[in-house]
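Novice: To start, I am sharing the structure in question, which I have written as structure tokens.
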Amino acid sequence: MNILLIVNASPWGSTLANTALRFARAALAAGTPVPAVYFQGDGVYNALPGRVTDAGATDLADGWAALAEDHDVDLLLCSSAAARRWSAKMAELVPAEFREAGLAELVGRLEDCPRVVSF
């Protein structure tokens, strides 16, 4: 049964973004497909490299990119949230594994994912 993840949390201020990444890894390791992760609101900051939550923690942008490469997970950035929060220079830093998507694509993904988990 597919799970769609929605990440609203930024990589700082709480551990929710890191927990979302750990949840995705655990679900995939257990054999549960996670076809896509949708980042909205401050969650779009997870795509910017260099955002480390704690000393000794990994860069979440790198962690999400590795997850996408290893497990063929689509990393979708809310286009309006990114446009409101990022400058053009910031957008150039986003790894290629992330791509912008609108709410229409999110709704379309719900057809394939009967379970949604939001962080």
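Ligands are numbered from 1 in the order shown, residues from 1 within each chain, and chains are lettered A, B, ... in the order they appear in the structure tokens.
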As a ChimeraX atom specification, which residues of chain A does DSSP assign to helix (DSSP H, G or I)?

Specialist: /A:16-29,41-47,60-71,79-85,88-91,103-112

Novice: Just the selected residues (N, CA and C atoms), exported as a short mmCIF file (atom, residue, chain, number, x, y, z; two decimals), in the first residue's frame, please.

Specialist:
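File written: again05.cif
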```cif
data_model
loop_
_atom_site.label_atom_id
_atom_site.label_comp_id
_atom_site.auth_asym_id
_atom_site.auth_seq_id
_atom_site.Cartn_x
_atom_site.Cartn_y
_atom_site.Cartn_z
N LEU A 16 11.00 17.46 13.03
CA LEU A 16 10.00 16.84 12.16
C LEU A 16 10.54 16.50 10.77
N ALA A 17 11.33 17.37 10.18
CA ALA A 17 11.85 17.09 8.83
C ALA A 17 12.78 15.89 8.86
N ASN A 18 13.61 15.81 9.87
CA ASN A 18 14.51 14.67 10.01
C ASN A 18 13.70 13.40 10.28
N THR A 19 12.66 13.51 11.09
CA THR A 19 11.79 12.37 11.36
C THR A 19 11.09 11.90 10.09
N ALA A 20 10.69 12.84 9.24
CA ALA A 20 10.05 12.47 7.97
C ALA A 20 10.99 11.65 7.10
N LEU A 21 12.25 12.07 7.04
CA LEU A 21 13.24 11.32 6.25
C LEU A 21 13.46 9.93 6.85
N ARG A 22 13.57 9.85 8.16
CA ARG A 22 13.75 8.54 8.80
C ARG A 22 12.52 7.66 8.60
N PHE A 23 11.33 8.24 8.64
CA PHE A 23 10.10 7.49 8.39
C PHE A 23 10.10 6.92 6.97
N ALA A 24 10.48 7.75 6.01
CA ALA A 24 10.51 7.30 4.61
C ALA A 24 11.49 6.15 4.44
N ARG A 25 12.66 6.28 5.03
CA ARG A 25 13.65 5.19 4.94
C ARG A 25 13.12 3.90 5.57
N ALA A 26 12.48 4.02 6.73
CA ALA A 26 11.95 2.84 7.42
C ALA A 26 10.83 2.19 6.62
N ALA A 27 9.95 3.00 6.05
CA ALA A 27 8.85 2.45 5.24
C ALA A 27 9.39 1.70 4.04
N LEU A 28 10.35 2.29 3.36
CA LEU A 28 10.94 1.63 2.19
C LEU A 28 11.69 0.36 2.58
N ALA A 29 12.39 0.39 3.71
CA ALA A 29 13.10 -0.80 4.18
C ALA A 29 12.14 -1.93 4.53
N GLY A 41 4.92 24.67 2.14
CA GLY A 41 5.21 25.63 3.21
C GLY A 41 6.71 25.72 3.44
N ASP A 42 7.09 25.82 4.71
CA ASP A 42 8.51 25.88 5.04
C ASP A 42 9.24 24.59 4.74
N GLY A 43 8.53 23.54 4.42
CA GLY A 43 9.15 22.27 4.04
C GLY A 43 10.00 22.37 2.79
N VAL A 44 9.76 23.37 1.95
CA VAL A 44 10.57 23.51 0.73
C VAL A 44 12.03 23.81 1.06
N TYR A 45 12.31 24.31 2.27
CA TYR A 45 13.70 24.58 2.66
C TYR A 45 14.51 23.29 2.79
N ASN A 46 13.86 22.14 2.88
CA ASN A 46 14.57 20.87 2.93
C ASN A 46 15.38 20.62 1.66
N ALA A 47 15.04 21.29 0.58
CA ALA A 47 15.73 21.09 -0.69
C ALA A 47 17.00 21.93 -0.82
N LEU A 60 19.93 17.49 5.17
CA LEU A 60 18.67 16.88 4.76
C LEU A 60 18.49 16.89 3.25
N ALA A 61 18.97 17.92 2.56
CA ALA A 61 18.85 17.94 1.10
C ALA A 61 19.59 16.75 0.50
N ASP A 62 20.77 16.47 1.02
CA ASP A 62 21.53 15.32 0.54
C ASP A 62 20.82 14.01 0.90
N GLY A 63 20.26 13.95 2.09
CA GLY A 63 19.55 12.75 2.52
C GLY A 63 18.34 12.46 1.65
N TRP A 64 17.55 13.50 1.36
CA TRP A 64 16.38 13.32 0.49
C TRP A 64 16.82 12.94 -0.93
N ALA A 65 17.87 13.59 -1.42
CA ALA A 65 18.36 13.28 -2.78
C ALA A 65 18.82 11.83 -2.87
N ALA A 66 19.52 11.34 -1.85
CA ALA A 66 19.96 9.95 -1.83
C ALA A 66 18.77 9.00 -1.79
N LEU A 67 17.76 9.35 -1.02
CA LEU A 67 16.54 8.53 -0.96
C LEU A 67 15.90 8.44 -2.34
N ALA A 68 15.82 9.58 -3.03
CA ALA A 68 15.23 9.60 -4.37
C ALA A 68 16.01 8.74 -5.34
N GLU A 69 17.32 8.84 -5.29
CA GLU A 69 18.16 8.05 -6.20
C GLU A 69 18.09 6.56 -5.90
N ASP A 70 18.13 6.22 -4.63
CA ASP A 70 18.18 4.81 -4.24
C ASP A 70 16.85 4.08 -4.40
N HIS A 71 15.74 4.81 -4.28
CA HIS A 71 14.43 4.16 -4.24
C HIS A 71 13.43 4.71 -5.26
N SER A 79 5.32 24.58 -5.86
CA SER A 79 5.85 25.67 -6.68
C SER A 79 5.55 27.03 -6.08
N SER A 80 4.37 27.23 -5.52
CA SER A 80 4.04 28.54 -4.96
C SER A 80 4.80 28.79 -3.66
N ALA A 81 5.01 27.75 -2.84
CA ALA A 81 5.77 27.92 -1.60
C ALA A 81 7.23 28.26 -1.92
N ALA A 82 7.79 27.60 -2.91
CA ALA A 82 9.18 27.89 -3.30
C ALA A 82 9.29 29.30 -3.87
N ALA A 83 8.34 29.71 -4.67
CA ALA A 83 8.39 31.04 -5.28
C ALA A 83 8.30 32.14 -4.21
N ARG A 84 7.53 31.90 -3.16
CA ARG A 84 7.39 32.90 -2.10
C ARG A 84 8.60 32.95 -1.17
N ARG A 85 9.36 31.87 -1.07
CA ARG A 85 10.42 31.78 -0.08
C ARG A 85 11.83 31.90 -0.65
N ALA A 88 16.01 33.71 -6.84
CA ALA A 88 16.45 32.95 -8.01
C ALA A 88 17.79 32.27 -7.72
N LYS A 89 18.66 32.94 -6.97
CA LYS A 89 19.96 32.37 -6.64
C LYS A 89 19.81 31.15 -5.73
N MET A 90 18.87 31.19 -4.80
CA MET A 90 18.63 30.04 -3.93
C MET A 90 18.10 28.86 -4.74
N ALA A 91 17.22 29.12 -5.68
CA ALA A 91 16.65 28.05 -6.49
C ALA A 91 17.71 27.30 -7.29
N LEU A 103 -0.38 21.92 -6.82
CA LEU A 103 -1.37 21.16 -6.07
C LEU A 103 -2.10 20.14 -6.94
N ALA A 104 -2.22 20.41 -8.22
CA ALA A 104 -2.88 19.45 -9.12
C ALA A 104 -2.13 18.13 -9.14
N GLU A 105 -0.81 18.18 -9.15
CA GLU A 105 -0.04 16.94 -9.13
C GLU A 105 -0.18 16.23 -7.78
N LEU A 106 -0.22 17.01 -6.71
CA LEU A 106 -0.43 16.41 -5.39
C LEU A 106 -1.76 15.66 -5.34
N VAL A 107 -2.80 16.28 -5.83
CA VAL A 107 -4.12 15.64 -5.85
C VAL A 107 -4.08 14.39 -6.72
N GLY A 108 -3.40 14.44 -7.85
CA GLY A 108 -3.27 13.27 -8.71
C GLY A 108 -2.54 12.14 -8.01
N ARG A 109 -1.56 12.45 -7.20
CA ARG A 109 -0.82 11.42 -6.46
C ARG A 109 -1.70 10.74 -5.43
N LEU A 110 -2.69 11.43 -4.94
CA LEU A 110 -3.58 10.83 -3.93
C LEU A 110 -4.35 9.64 -4.47
N GLU A 111 -4.56 9.60 -5.77
CA GLU A 111 -5.25 8.46 -6.38
C GLU A 111 -4.45 7.17 -6.24
N ASP A 112 -3.13 7.29 -6.28
CA ASP A 112 -2.25 6.12 -6.20
C ASP A 112 -1.79 5.80 -4.79
#
```

Novice: Running DSSP on the backbone, which parts of segment 11-80 of chain A land in strand (DSSP E), as a list of chain:residue names?

Specialist: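 Strand (DSSP E) assignments inside segment 11-80 of chain A correspond to A:Ala36, A:Val37, A:Tyr38, A:Phe39, A:Asp74, A:Leu75, A:Leu76, A:Leu77, A:Cys78.
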
Novice: Could those residues be written to a file, using N, CA and C atoms, as a PDB file, in the first residue's frame?

Specialist:
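Dumped to again05.pdb:
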```pdb
ATOM      1  N   ALA A  36       6.248   9.237  -3.664  1.00  0.00           N
ATOM      2  CA  ALA A  36       6.525  10.672  -3.731  1.00  0.00           C
ATOM      3  C   ALA A  36       6.523  11.298  -2.341  1.00  0.00           C
ATOM      4  N   VAL A  37       7.305  12.380  -2.238  1.00  0.00           N
ATOM      5  CA  VAL A  37       7.304  13.232  -1.060  1.00  0.00           C
ATOM      6  C   VAL A  37       7.015  14.636  -1.561  1.00  0.00           C
ATOM      7  N   TYR A  38       5.995  15.277  -0.980  1.00  0.00           N
ATOM      8  CA  TYR A  38       5.597  16.624  -1.384  1.00  0.00           C
ATOM      9  C   TYR A  38       6.005  17.587  -0.273  1.00  0.00           C
ATOM     10  N   PHE A  39       6.832  18.555  -0.615  1.00  0.00           N
ATOM     11  CA  PHE A  39       7.311  19.551   0.345  1.00  0.00           C
ATOM     12  C   PHE A  39       6.509  20.831   0.129  1.00  0.00           C
ATOM     13  N   ASP A  74       9.869  10.360  -6.065  1.00  0.00           N
ATOM     14  CA  ASP A  74       9.746  11.702  -6.619  1.00  0.00           C
ATOM     15  C   ASP A  74       9.734  12.714  -5.476  1.00  0.00           C
ATOM     16  N   LEU A  75      10.607  13.703  -5.549  1.00  0.00           N
ATOM     17  CA  LEU A  75      10.668  14.768  -4.551  1.00  0.00           C
ATOM     18  C   LEU A  75      10.032  16.009  -5.165  1.00  0.00           C
ATOM     19  N   LEU A  76       8.849  16.337  -4.705  1.00  0.00           N
ATOM     20  CA  LEU A  76       8.043  17.398  -5.297  1.00  0.00           C
ATOM     21  C   LEU A  76       8.020  18.627  -4.390  1.00  0.00           C
ATOM     22  N   LEU A  77       8.363  19.762  -4.950  1.00  0.00           N
ATOM     23  CA  LEU A  77       8.356  21.024  -4.217  1.00  0.00           C
ATOM     24  C   LEU A  77       7.139  21.835  -4.618  1.00  0.00           C
ATOM     25  N   CYS A  78       6.381  22.278  -3.640  1.00  0.00           N
ATOM     26  CA  CYS A  78       5.236  23.141  -3.928  1.00  0.00           C
ATOM     27  C   CYS A  78       5.757  24.384  -4.647  1.00  0.00           C
TER      28      CYS A  78
END
```

Novice: Nearest to Ser87 of chain A among A:Trp12, A:Leu48, A:Asp72, A:Gln40, with distances taken over only C-alpha atoms: which residue is it?

Specialist: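 Comparing A:Trp12, A:Leu48, A:Asp72, A:Gln40 against Ser87 of chain A, the winner is A:Leu48.
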
Novice: Mind giving me the straight-line distance from atom CA of Val7 of chain A to atom CA of Val116 of chain A in Å, one decimal?

Specialist: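 Atom CA of Val116 of chain A lies at a distance of 10.7 Å from atom CA of Val7 of chain A.
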